[in-house]
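Colleague: Have a peek at final-v3.cif (mmCIF, C-alpha atoms).
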data_work
#
loop_
_atom_site.group_PDB
_atom_site.id
_atom_site.type_symbol
_atom_site.label_atom_id
_atom_site.label_comp_id
_atom_site.auth_asym_id
_atom_site.auth_seq_id
_atom_site.Cartn_x
_atom_site.Cartn_y
_atom_site.Cartn_z
ATOM 1 C CA MET A 1 162.578 173.875 126.686
ATOM 2 C CA PHE A 2 164.241 170.865 125.063
ATOM 3 C CA THR A 3 163.619 169.762 121.470
ATOM 4 C CA LEU A 4 163.517 166.019 120.937
ATOM 5 C CA ALA A 5 163.570 164.522 117.432
ATOM 6 C CA LEU A 6 162.882 160.927 116.438
ATOM 7 C CA ALA A 7 164.218 159.619 113.130
ATOM 8 C CA GLN A 8 162.177 156.610 112.054
ATOM 9 C CA MET A 9 163.750 154.409 109.400
ATOM 10 C CA ALA A 10 162.162 152.205 106.783
ATOM 11 C CA GLY A 11 163.528 148.685 106.388
ATOM 12 C CA ILE A 12 167.216 148.021 105.790
ATOM 13 C CA ASN A 13 167.883 145.033 103.579
ATOM 14 C CA THR A 14 170.837 142.663 103.701
ATOM 15 C CA GLU A 15 172.411 144.177 100.595
ATOM 16 C CA ASP A 16 172.286 147.753 101.937
ATOM 17 C CA THR A 17 175.760 149.048 102.805
ATOM 18 C CA ARG A 18 176.677 150.906 105.991
ATOM 19 C CA GLU A 19 177.511 153.940 103.860
ATOM 20 C CA ALA A 20 174.057 153.936 102.253
ATOM 21 C CA VAL A 21 172.357 153.602 105.637
ATOM 22 C CA VAL A 22 174.445 156.399 107.158
ATOM 23 C CA GLY A 23 173.543 158.561 104.158
ATOM 24 C CA ARG A 24 169.863 158.107 104.971
ATOM 25 C CA MET A 25 170.552 158.870 108.624
ATOM 26 C CA LEU A 26 172.413 162.054 107.727
ATOM 27 C CA ALA A 27 169.510 163.266 105.588
ATOM 28 C CA MET A 28 167.188 162.935 108.580
ATOM 29 C CA PHE A 29 169.819 164.349 110.936
ATOM 30 C CA GLU A 30 169.998 167.465 108.759
ATOM 31 C CA LYS A 31 166.221 167.810 108.756
ATOM 32 C CA ALA A 32 166.066 167.477 112.538
ATOM 33 C CA ALA A 33 168.903 169.964 113.029
ATOM 34 C CA ALA A 34 167.152 172.469 110.772
ATOM 35 C CA GLY A 35 164.094 172.111 113.008
ATOM 36 C CA GLY A 36 166.114 173.017 116.103
ATOM 37 C CA ALA A 37 166.589 169.560 117.584
ATOM 38 C CA ASP A 38 168.765 169.138 120.654
ATOM 39 C CA LEU A 39 168.766 165.335 120.454
ATOM 40 C CA VAL A 40 167.956 163.064 117.497
ATOM 41 C CA VAL A 41 167.147 159.408 118.218
ATOM 42 C CA PHE A 42 167.448 156.583 115.686
ATOM 43 C CA PRO A 43 166.129 152.994 116.072
ATOM 44 C CA GLU A 44 167.485 149.718 117.389
ATOM 45 C CA LEU A 45 170.017 148.027 115.078
ATOM 46 C CA THR A 46 169.972 151.105 112.883
ATOM 47 C CA LEU A 47 172.900 150.119 110.674
ATOM 48 C CA THR A 48 171.780 146.660 109.530
ATOM 49 C CA THR A 49 168.862 144.429 108.814
ATOM 50 C CA PHE A 50 167.380 142.666 111.853
ATOM 51 C CA PHE A 51 169.680 139.696 111.334
ATOM 52 C CA PRO A 52 168.483 137.636 114.363
ATOM 53 C CA ARG A 53 165.481 136.622 112.252
ATOM 54 C CA THR A 54 167.823 134.275 110.338
ATOM 55 C CA TYR A 55 169.281 131.093 111.809
ATOM 56 C CA ARG A 56 173.016 130.467 111.677
ATOM 57 C CA GLU A 57 174.592 127.423 113.273
ATOM 58 C CA ASP A 58 177.730 129.448 113.959
ATOM 59 C CA VAL A 59 176.973 132.987 115.174
ATOM 60 C CA SER A 60 180.487 134.113 114.244
ATOM 61 C CA THR A 61 179.509 133.852 110.574
ATOM 62 C CA ALA A 62 177.358 136.953 111.232
ATOM 63 C CA ASP A 63 180.303 139.080 112.334
ATOM 64 C CA GLU A 64 179.747 141.420 109.377
ATOM 65 C CA TYR A 65 176.653 142.774 111.170
ATOM 66 C CA TYR A 66 178.534 143.779 114.330
ATOM 67 C CA GLU A 67 180.524 146.923 115.051
ATOM 68 C CA THR A 68 183.913 146.310 116.669
ATOM 69 C CA ALA A 69 184.621 150.006 117.304
ATOM 70 C CA MET A 70 182.461 153.053 117.875
ATOM 71 C CA PRO A 71 182.837 155.397 116.190
ATOM 72 C CA ASN A 72 184.238 153.738 113.095
ATOM 73 C CA PRO A 73 184.871 155.100 109.571
ATOM 74 C CA ALA A 74 181.365 154.216 108.322
ATOM 75 C CA VAL A 75 179.570 156.169 111.050
ATOM 76 C CA GLN A 76 182.122 158.927 111.606
ATOM 77 C CA PRO A 77 180.086 161.370 109.446
ATOM 78 C CA LEU A 78 177.337 161.244 112.095
ATOM 79 C CA PHE A 79 179.774 162.235 114.840
ATOM 80 C CA ASP A 80 181.232 164.965 112.654
ATOM 81 C CA PHE A 81 177.768 166.343 111.920
ATOM 82 C CA ALA A 82 176.871 166.349 115.618
ATOM 83 C CA LYS A 83 179.977 168.339 116.488
ATOM 84 C CA GLU A 84 179.641 170.793 113.601
ATOM 85 C CA HIS A 85 175.955 171.519 114.178
ATOM 86 C CA GLU A 86 175.905 171.042 117.959
ATOM 87 C CA VAL A 87 173.126 168.468 117.899
ATOM 88 C CA GLY A 88 173.309 165.226 119.869
ATOM 89 C CA PHE A 89 172.112 161.823 118.731
ATOM 90 C CA SER A 90 171.466 158.259 119.846
ATOM 91 C CA PHE A 91 171.298 155.057 117.837
ATOM 92 C CA GLY A 92 171.373 151.296 118.234
ATOM 93 C CA TYR A 93 173.774 148.766 116.748
ATOM 94 C CA ALA A 94 175.169 145.271 117.223
ATOM 95 C CA GLU A 95 178.358 145.422 119.290
ATOM 96 C CA LEU A 96 181.214 142.898 119.245
ATOM 97 C CA THR A 97 183.710 143.655 122.013
ATOM 98 C CA GLU A 98 187.456 143.097 121.856
ATOM 99 C CA ASP A 99 187.106 140.076 124.131
ATOM 100 C CA GLY A 100 184.391 138.485 121.999
ATOM 101 C CA HIS A 101 181.155 139.480 123.733
ATOM 102 C CA ARG A 102 178.089 140.361 121.668
ATOM 103 C CA PHE A 103 175.495 142.918 122.720
ATOM 104 C CA ASN A 104 172.488 144.740 121.326
ATOM 105 C CA THR A 105 173.705 148.245 122.144
ATOM 106 C CA GLN A 106 172.615 151.870 122.048
ATOM 107 C CA ILE A 107 174.779 154.940 122.590
ATOM 108 C CA LEU A 108 174.137 158.563 123.498
ATOM 109 C CA VAL A 109 176.321 161.172 121.802
ATOM 110 C CA ASP A 110 176.411 164.775 123.004
ATOM 111 C CA LYS A 111 176.570 168.008 121.029
ATOM 112 C CA THR A 112 180.363 167.875 120.870
ATOM 113 C CA GLY A 113 180.296 164.495 119.132
ATOM 114 C CA GLU A 114 181.440 162.572 122.221
ATOM 115 C CA ILE A 115 179.840 159.361 123.491
ATOM 116 C CA VAL A 116 178.443 160.159 126.943
ATOM 117 C CA GLY A 117 176.262 157.096 127.517
ATOM 118 C CA LYS A 118 175.969 153.442 126.551
ATOM 119 C CA TYR A 119 173.263 150.868 127.196
ATOM 120 C CA ARG A 120 173.243 147.161 126.375
ATOM 121 C CA LYS A 121 169.841 145.516 125.996
ATOM 122 C CA ILE A 122 168.820 143.463 129.015
ATOM 123 C CA HIS A 123 165.439 141.922 128.149
ATOM 124 C CA LEU A 124 166.297 139.770 125.140
ATOM 125 C CA PRO A 125 163.118 138.363 123.559
ATOM 126 C CA GLY A 126 162.504 135.327 121.403
ATOM 127 C CA HIS A 127 164.115 131.926 121.632
ATOM 128 C CA LEU A 128 167.562 130.374 121.795
ATOM 129 C CA GLU A 129 167.052 127.313 119.625
ATOM 130 C CA HIS A 130 166.255 127.130 115.924
ATOM 131 C CA ILE A 131 162.554 126.589 115.097
ATOM 132 C CA PRO A 132 162.697 124.945 111.642
ATOM 133 C CA ASP A 133 159.029 125.399 110.675
ATOM 134 C CA ALA A 134 158.729 129.073 111.633
ATOM 135 C CA PRO A 135 158.439 131.647 108.813
ATOM 136 C CA TYR A 136 161.351 133.486 110.436
ATOM 137 C CA GLN A 137 163.338 133.292 113.648
ATOM 138 C CA HIS A 138 163.664 135.548 116.692
ATOM 139 C CA LEU A 139 167.089 134.486 117.890
ATOM 140 C CA GLU A 140 168.318 137.456 119.903
ATOM 141 C CA LYS A 141 169.166 135.102 122.759
ATOM 142 C CA SER A 142 171.545 133.351 120.369
ATOM 143 C CA TYR A 143 173.132 136.417 118.782
ATOM 144 C CA PHE A 144 173.426 138.588 121.920
ATOM 145 C CA GLU A 145 174.255 138.331 125.594
ATOM 146 C CA VAL A 146 172.184 139.954 128.325
ATOM 147 C CA GLY A 147 173.409 143.515 128.792
ATOM 148 C CA ASP A 148 175.948 144.032 131.564
ATOM 149 C CA LEU A 149 175.792 147.800 132.112
ATOM 150 C CA GLY A 150 172.501 148.033 133.990
ATOM 151 C CA PHE A 151 169.935 150.774 133.384
ATOM 152 C CA GLY A 152 172.013 153.950 133.272
ATOM 153 C CA VAL A 153 170.926 157.586 133.300
ATOM 154 C CA PHE A 154 173.301 160.028 131.628
ATOM 155 C CA ASP A 155 173.755 163.787 131.722
ATOM 156 C CA PHE A 156 173.053 165.251 128.284
ATOM 157 C CA HIS A 157 173.782 168.971 128.654
ATOM 158 C CA GLY A 158 171.783 169.185 131.867
ATOM 159 C CA VAL A 159 169.021 166.775 130.784
ATOM 160 C CA GLU A 160 168.974 163.318 132.409
ATOM 161 C CA VAL A 161 168.558 160.737 129.634
ATOM 162 C CA GLY A 162 168.004 156.992 129.922
ATOM 163 C CA MET A 163 167.967 154.405 127.135
ATOM 164 C CA LEU A 164 165.975 151.216 126.611
ATOM 165 C CA ILE A 165 165.896 148.926 123.588
ATOM 166 C CA CYS A 166 162.795 147.322 122.076
ATOM 167 C CA ASN A 167 161.574 144.531 124.380
ATOM 168 C CA ASP A 168 162.807 146.460 127.440
ATOM 169 C CA ARG A 169 159.836 148.781 126.960
ATOM 170 C CA ARG A 170 157.450 145.999 128.000
ATOM 171 C CA TRP A 171 158.999 145.563 131.462
ATOM 172 C CA PRO A 172 157.959 148.050 134.168
ATOM 173 C CA GLU A 173 161.100 147.266 136.181
ATOM 174 C CA ALA A 174 163.176 148.932 133.461
ATOM 175 C CA TYR A 175 161.255 152.209 133.608
ATOM 176 C CA ARG A 176 161.145 152.198 137.401
ATOM 177 C CA THR A 177 164.907 151.755 137.689
ATOM 178 C CA LEU A 178 165.409 154.781 135.443
ATOM 179 C CA ALA A 179 162.749 156.784 137.287
ATOM 180 C CA LEU A 180 164.467 156.148 140.618
ATOM 181 C CA GLN A 181 167.462 157.953 139.107
ATOM 182 C CA ASP A 182 165.252 160.979 138.335
ATOM 183 C CA VAL A 183 165.341 160.470 134.576
ATOM 184 C CA ASP A 184 163.886 163.280 132.437
ATOM 185 C CA VAL A 185 163.746 161.605 129.016
ATOM 186 C CA ILE A 186 163.717 157.898 128.125
ATOM 187 C CA VAL A 187 164.597 157.051 124.517
ATOM 188 C CA ILE A 188 163.728 153.669 123.032
ATOM 189 C CA GLY A 189 164.679 152.219 119.657
ATOM 190 C CA PHE A 190 162.845 149.141 118.412
ATOM 191 C CA ASN A 191 162.418 146.621 115.564
ATOM 192 C CA THR A 192 159.095 144.869 116.178
ATOM 193 C CA PRO A 193 157.427 142.339 113.856
ATOM 194 C CA ASP A 194 153.670 142.583 113.464
ATOM 195 C CA GLN A 195 153.413 138.973 114.627
ATOM 196 C CA SER A 196 155.795 136.766 116.571
ATOM 197 C CA PRO A 197 156.979 133.562 114.851
ATOM 198 C CA GLY A 198 154.914 130.552 115.837
ATOM 199 C CA GLY A 199 152.228 132.691 117.484
ATOM 200 C CA ASP A 200 148.608 133.349 116.588
ATOM 201 C CA GLU A 201 148.203 136.756 118.213
ATOM 202 C CA GLN A 202 146.068 139.209 116.261
ATOM 203 C CA PRO A 203 148.387 141.535 114.252
ATOM 204 C CA HIS A 204 146.739 144.730 115.548
ATOM 205 C CA LEU A 205 147.853 143.878 119.070
ATOM 206 C CA ALA A 206 151.512 144.486 118.211
ATOM 207 C CA MET A 207 150.862 148.221 117.853
ATOM 208 C CA PHE A 208 148.415 148.326 120.746
ATOM 209 C CA HIS A 209 150.836 146.681 123.163
ATOM 210 C CA HIS A 210 153.731 148.825 121.939
ATOM 211 C CA LEU A 211 151.926 152.086 122.641
ATOM 212 C CA LEU A 212 150.317 150.788 125.830
ATOM 213 C CA SER A 213 153.707 149.890 127.273
ATOM 214 C CA CYS A 214 155.354 153.187 126.335
ATOM 215 C CA GLN A 215 152.478 155.369 127.506
ATOM 216 C CA ALA A 216 152.240 153.533 130.834
ATOM 217 C CA GLY A 217 156.027 153.762 131.219
ATOM 218 C CA ALA A 218 156.006 157.506 130.636
ATOM 219 C CA TYR A 219 153.187 158.136 133.106
ATOM 220 C CA GLN A 220 154.458 155.861 135.857
ATOM 221 C CA SER A 221 157.983 157.284 135.485
ATOM 222 C CA SER A 222 156.821 160.922 135.300
ATOM 223 C CA ALA A 223 159.169 161.203 132.301
ATOM 224 C CA TRP A 224 159.090 161.911 128.599
ATOM 225 C CA VAL A 225 159.427 158.867 126.334
ATOM 226 C CA GLY A 226 160.636 158.947 122.752
ATOM 227 C CA THR A 227 160.183 155.602 121.012
ATOM 228 C CA VAL A 228 161.406 155.174 117.440
ATOM 229 C CA ALA A 229 160.978 152.346 114.948
ATOM 230 C CA LYS A 230 162.811 150.670 112.146
ATOM 231 C CA CYS A 231 159.752 149.516 110.275
ATOM 232 C CA GLY A 232 158.053 148.434 107.087
ATOM 233 C CA TYR A 233 159.296 145.569 104.947
ATOM 234 C CA GLU A 234 162.857 144.424 105.519
ATOM 235 C CA ASP A 235 164.211 141.420 103.644
ATOM 236 C CA GLY A 236 160.585 140.482 102.970
ATOM 237 C CA HIS A 237 159.452 140.648 106.604
ATOM 238 C CA HIS A 238 157.169 143.310 108.040
ATOM 239 C CA MET A 239 157.790 145.368 111.182
ATOM 240 C CA ILE A 240 155.421 147.880 112.766
ATOM 241 C CA GLY A 241 155.945 151.630 112.989
ATOM 242 C CA GLY A 242 154.509 153.551 115.893
ATOM 243 C CA THR A 243 157.277 156.106 116.373
ATOM 244 C CA ALA A 244 155.968 158.496 119.031
ATOM 245 C CA ILE A 245 156.840 161.164 121.578
ATOM 246 C CA ILE A 246 154.918 160.652 124.822
ATOM 247 C CA ALA A 247 154.506 163.129 127.664
ATOM 248 C CA PRO A 248 154.740 162.334 131.399
ATOM 249 C CA THR A 249 150.937 162.440 131.365
ATOM 250 C CA GLY A 250 151.006 159.294 129.209
ATOM 251 C CA GLU A 251 149.591 161.240 126.265
ATOM 252 C CA ILE A 252 151.066 160.995 122.765
ATOM 253 C CA VAL A 253 152.081 164.476 121.626
ATOM 254 C CA SER A 254 153.558 163.500 118.244
ATOM 255 C CA ARG A 255 153.441 160.317 116.197
ATOM 256 C CA VAL A 256 154.432 158.917 112.792
ATOM 257 C CA PHE A 257 151.681 157.022 110.966
ATOM 258 C CA ASP A 258 153.658 155.874 107.916
ATOM 259 C CA GLU A 259 156.460 153.322 107.557
ATOM 260 C CA LYS A 260 158.966 155.538 105.734
ATOM 261 C CA ASP A 261 162.096 157.420 106.700
ATOM 262 C CA SER A 262 160.412 160.120 108.786
ATOM 263 C CA VAL A 263 161.374 162.767 111.332
ATOM 264 C CA ILE A 264 159.182 164.197 114.086
ATOM 265 C CA LEU A 265 160.148 166.902 116.564
ATOM 266 C CA SER A 266 158.563 168.179 119.753
ATOM 267 C CA ASP A 267 159.504 170.998 122.081
ATOM 268 C CA ILE A 268 159.144 169.268 125.422
ATOM 269 C CA ASP A 269 158.650 170.915 128.785
ATOM 270 C CA LEU A 270 160.965 169.116 131.172
ATOM 271 C CA THR A 271 159.012 170.410 134.170
ATOM 272 C CA LEU A 272 155.786 168.734 133.084
ATOM 273 C CA GLY A 273 156.581 165.588 135.056
ATOM 274 C CA ASP A 274 157.072 167.538 138.294
ATOM 275 C CA PHE A 275 153.345 167.435 139.062
ATOM 276 C CA TYR A 276 153.466 163.625 139.150
ATOM 277 C CA LYS A 277 156.906 163.395 140.784
ATOM 278 C CA ASN A 278 155.594 165.537 143.636
ATOM 279 C CA GLY A 279 152.154 163.940 143.800
ATOM 280 C CA THR A 280 150.912 160.524 142.703
ATOM 281 C CA PHE A 281 154.420 159.215 142.111
ATOM 282 C CA ARG A 282 156.260 160.896 144.960
ATOM 283 C CA TYR A 283 158.310 157.780 145.466
ATOM 284 C CA GLU A 284 160.008 158.739 148.709
ATOM 285 C CA ILE A 285 156.725 158.813 150.629
ATOM 286 C CA HIS A 286 154.558 156.347 148.684
ATOM 287 C CA ARG A 287 156.815 153.442 147.645
ATOM 288 C CA ARG A 288 157.193 150.449 149.957
ATOM 289 C CA PRO A 289 160.302 148.579 148.753
ATOM 290 C CA GLU A 290 160.347 146.455 151.907
ATOM 291 C CA THR A 291 157.282 144.658 150.513
ATOM 292 C CA TYR A 292 158.662 144.090 146.991
ATOM 293 C CA GLY A 293 161.175 141.346 147.770
ATOM 294 C CA LEU A 294 159.463 138.808 145.527
ATOM 295 C CA LEU A 295 160.331 140.955 142.499
ATOM 296 C CA THR A 296 164.016 140.105 142.832
ATOM 297 C CA GLU A 297 163.704 136.726 144.545
ATOM 298 C CA ARG A 298 161.779 135.139 141.664
ATOM 299 C CA THR A 299 162.294 135.202 137.928
ATOM 300 C CA GLY A 300 159.219 133.208 136.927
ATOM 301 C CA ARG A 301 155.752 132.607 138.290
ATOM 302 C CA GLY A 302 155.343 130.354 141.316
ATOM 303 C CA GLU A 303 153.147 129.389 144.211
ATOM 304 C CA PRO A 304 151.392 132.148 146.198
ATOM 305 C CA LEU A 305 153.229 133.255 149.306
ATOM 306 C CA PRO A 306 151.699 132.320 152.650
ATOM 307 C CA VAL A 307 150.038 135.264 154.403
ATOM 308 C CA GLU A 308 149.445 135.226 158.124
ATOM 309 C CA PHE A 309 146.411 137.172 159.345
#
Please express the file's structure as structure tokens.
Modeller:
Amino acid sequence: MFTLALAQMAGINTEDTREAVVGRMLAMFEKAAAGGADLVVFPELTLTTFFPRTYREDVSTADEYYETAMPNPAVQPLFDFAKEHEVGFSFGYAELTEDGHRFNTQILVDKTGEIVGKYRKIHLPGHLEHIPDAPYQHLEKSYFEVGDLGFGVFDFHGVEVGMLICNDRRWPEAYRTLALQDVDVIVIGFNTPDQSPGGDEQPHLAMFHHLLSCQAGAYQSSAWVGTVAKCGYEDGHHMIGGTAIIAPTGEIVSRVFDEKDSVILSDIDLTLGDFYKNGTFRYEIHRRPETYGLLTERTGRGEPLPVEF
């Protein structure tokens, strides 16, 4: 048995310091550890407000939101807690590398306080150019580069863990790549507005599509999915909750319904996915990759392929 904990966070405003945010994280870390957690997962961009909603002509003026080292003094208490209490954790942050590259990043830290996995977000949503009339921006394509580490699966004390970030959860290719590496648990941090800027989609669909994507991903991957939100009002803008632990059956086994700092835990049976891995989704006998070439040959939609019959 493996105990997974998700630590949902309410909004983080521009004026909130790293130290204040880490204090909130530690309070939830302690609660999860007291409940017997093996791994505690925090959201995307845990340490700051979702700054890509604000336009800046020069992205370097936002350097204060990026971490240039990990760990660093502000977050070191999290690593110390992990080592002392033998509880692992994962969280997302904005990364600025020594050679000037910017990524939306998530790390996996084991029970000794060591980083054992890193993922950089690949499916960056939103737009690249400023939209002057929008109530807010979604400029991840401006603030971040496409992740360059691929979809990794990492050994966490005998459990195979993969990471996705926010918009990645909407793309079946991401789950499938992890599933082909026999992933056990997929953890996903997200910051999702209830409506995209410039769109007229019904607000309730944000939650529906979030859960639909994660439940389908869990089932089709025969893996557990833990998806955790930074949510509520942040700098005057609203983001959805929907923090949930989802079984390989696609069923939600635990969920947060508020938009506060909240912790949920579930004892998960890592063998539950075996029924699907050895049946419906027994990839080695059912998949036909020789027919899937179009998936990598095309990025966008195009003309139907000719079929001879």
Colleague: Mind giving me the straight-line distance from atom CA of Phe42 of chain A to atom CA of Tyr143 of chain A in Å, one decimal?
Modeller: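 Computing it gives 21.2 Å between the two atoms.
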Colleague: If we count all atoms listed in the file, what is near Leu295 of chain A at a cut-off of 10 Å, once residues fewer than 5 positions away on the same chain are taken out, given as a VMD selection string?
Modeller: chain A and resid 173 289 300
Colleague: Could you pull the residues within 12 Å of Val22 of chain A, counting only C-alpha atoms, minus those fewer than 5 positions along the same chain, as a list of chain:residue names?
Modeller: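 With the cut-off at 12 Å, the set is A:Met9, A:Ile12, A:Asp16, A:Thr17, A:Ala27, A:Met28, A:Phe29, A:Phe42, A:Thr46, A:Leu47, A:Thr48, A:Asn72, A:Pro73, A:Ala74, A:Val75, A:Gln76, A:Pro77, A:Leu78, A:Phe79, A:Phe81, A:Phe91.
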Colleague: Convert the current residue selection to file output with C-alpha atoms, as a PDB file, in the frame of the given file.
Modeller:
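Once written, selection-v4.pdb looks like this:
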ATOM      1  CA  MET A   9     163.750 154.409 109.400  1.00  0.00           C
ATOM      2  CA  ILE A  12     167.216 148.021 105.790  1.00  0.00           C
ATOM      3  CA  ASP A  16     172.286 147.753 101.937  1.00  0.00           C
ATOM      4  CA  THR A  17     175.760 149.048 102.805  1.00  0.00           C
ATOM      5  CA  ALA A  27     169.510 163.266 105.588  1.00  0.00           C
ATOM      6  CA  MET A  28     167.188 162.935 108.580  1.00  0.00           C
ATOM      7  CA  PHE A  29     169.819 164.349 110.936  1.00  0.00           C
ATOM      8  CA  PHE A  42     167.448 156.583 115.686  1.00  0.00           C
ATOM      9  CA  THR A  46     169.972 151.105 112.883  1.00  0.00           C
ATOM     10  CA  LEU A  47     172.900 150.119 110.674  1.00  0.00           C
ATOM     11  CA  THR A  48     171.780 146.660 109.530  1.00  0.00           C
ATOM     12  CA  ASN A  72     184.238 153.738 113.095  1.00  0.00           C
ATOM     13  CA  PRO A  73     184.871 155.100 109.571  1.00  0.00           C
ATOM     14  CA  ALA A  74     181.365 154.216 108.322  1.00  0.00           C
ATOM     15  CA  VAL A  75     179.570 156.169 111.050  1.00  0.00           C
ATOM     16  CA  GLN A  76     182.122 158.927 111.606  1.00  0.00           C
ATOM     17  CA  PRO A  77     180.086 161.370 109.446  1.00  0.00           C
ATOM     18  CA  LEU A  78     177.337 161.244 112.095  1.00  0.00           C
ATOM     19  CA  PHE A  79     179.774 162.235 114.840  1.00  0.00           C
ATOM     20  CA  PHE A  81     177.768 166.343 111.920  1.00  0.00           C
ATOM     21  CA  PHE A  91     171.298 155.057 117.837  1.00  0.00           C
TER      22      PHE A  91
END
Colleague: For the PyMOL selection byres ((chain A and resi 187) around 10), applied here, can you spell out every residue it catches as a count of residues only?
Modeller: 26
Colleague: Go ahead and find all residues with at least one atom no further than 9 Å from (155.6, 149.0, 123.1) in the file's coordinates, using only C-alpha atoms; report them as a tab-separated table (two decimals) with C-alpha atoms, keeping the file's coordinate frame.
Modeller:
chain	number	residue	atom	x	y	z
A	166	CYS	CA	162.79	147.32	122.08
A	167	ASN	CA	161.57	144.53	124.38
A	168	ASP	CA	162.81	146.46	127.44
A	169	ARG	CA	159.84	148.78	126.96
A	170	ARG	CA	157.45	146.00	128.00
A	190	PHE	CA	162.84	149.14	118.41
A	192	THR	CA	159.10	144.87	116.18
A	206	ALA	CA	151.51	144.49	118.21
A	207	MET	CA	150.86	148.22	117.85
A	208	PHE	CA	148.42	148.33	120.75
A	209	HIS	CA	150.84	146.68	123.16
A	210	HIS	CA	153.73	148.82	121.94
A	211	LEU	CA	151.93	152.09	122.64
A	212	LEU	CA	150.32	150.79	125.83
A	213	SER	CA	153.71	149.89	127.27
A	214	CYS	CA	155.35	153.19	126.34
A	215	GLN	CA	152.48	155.37	127.51
A	227	THR	CA	160.18	155.60	121.01
A	242	GLY	CA	154.51	153.55	115.89
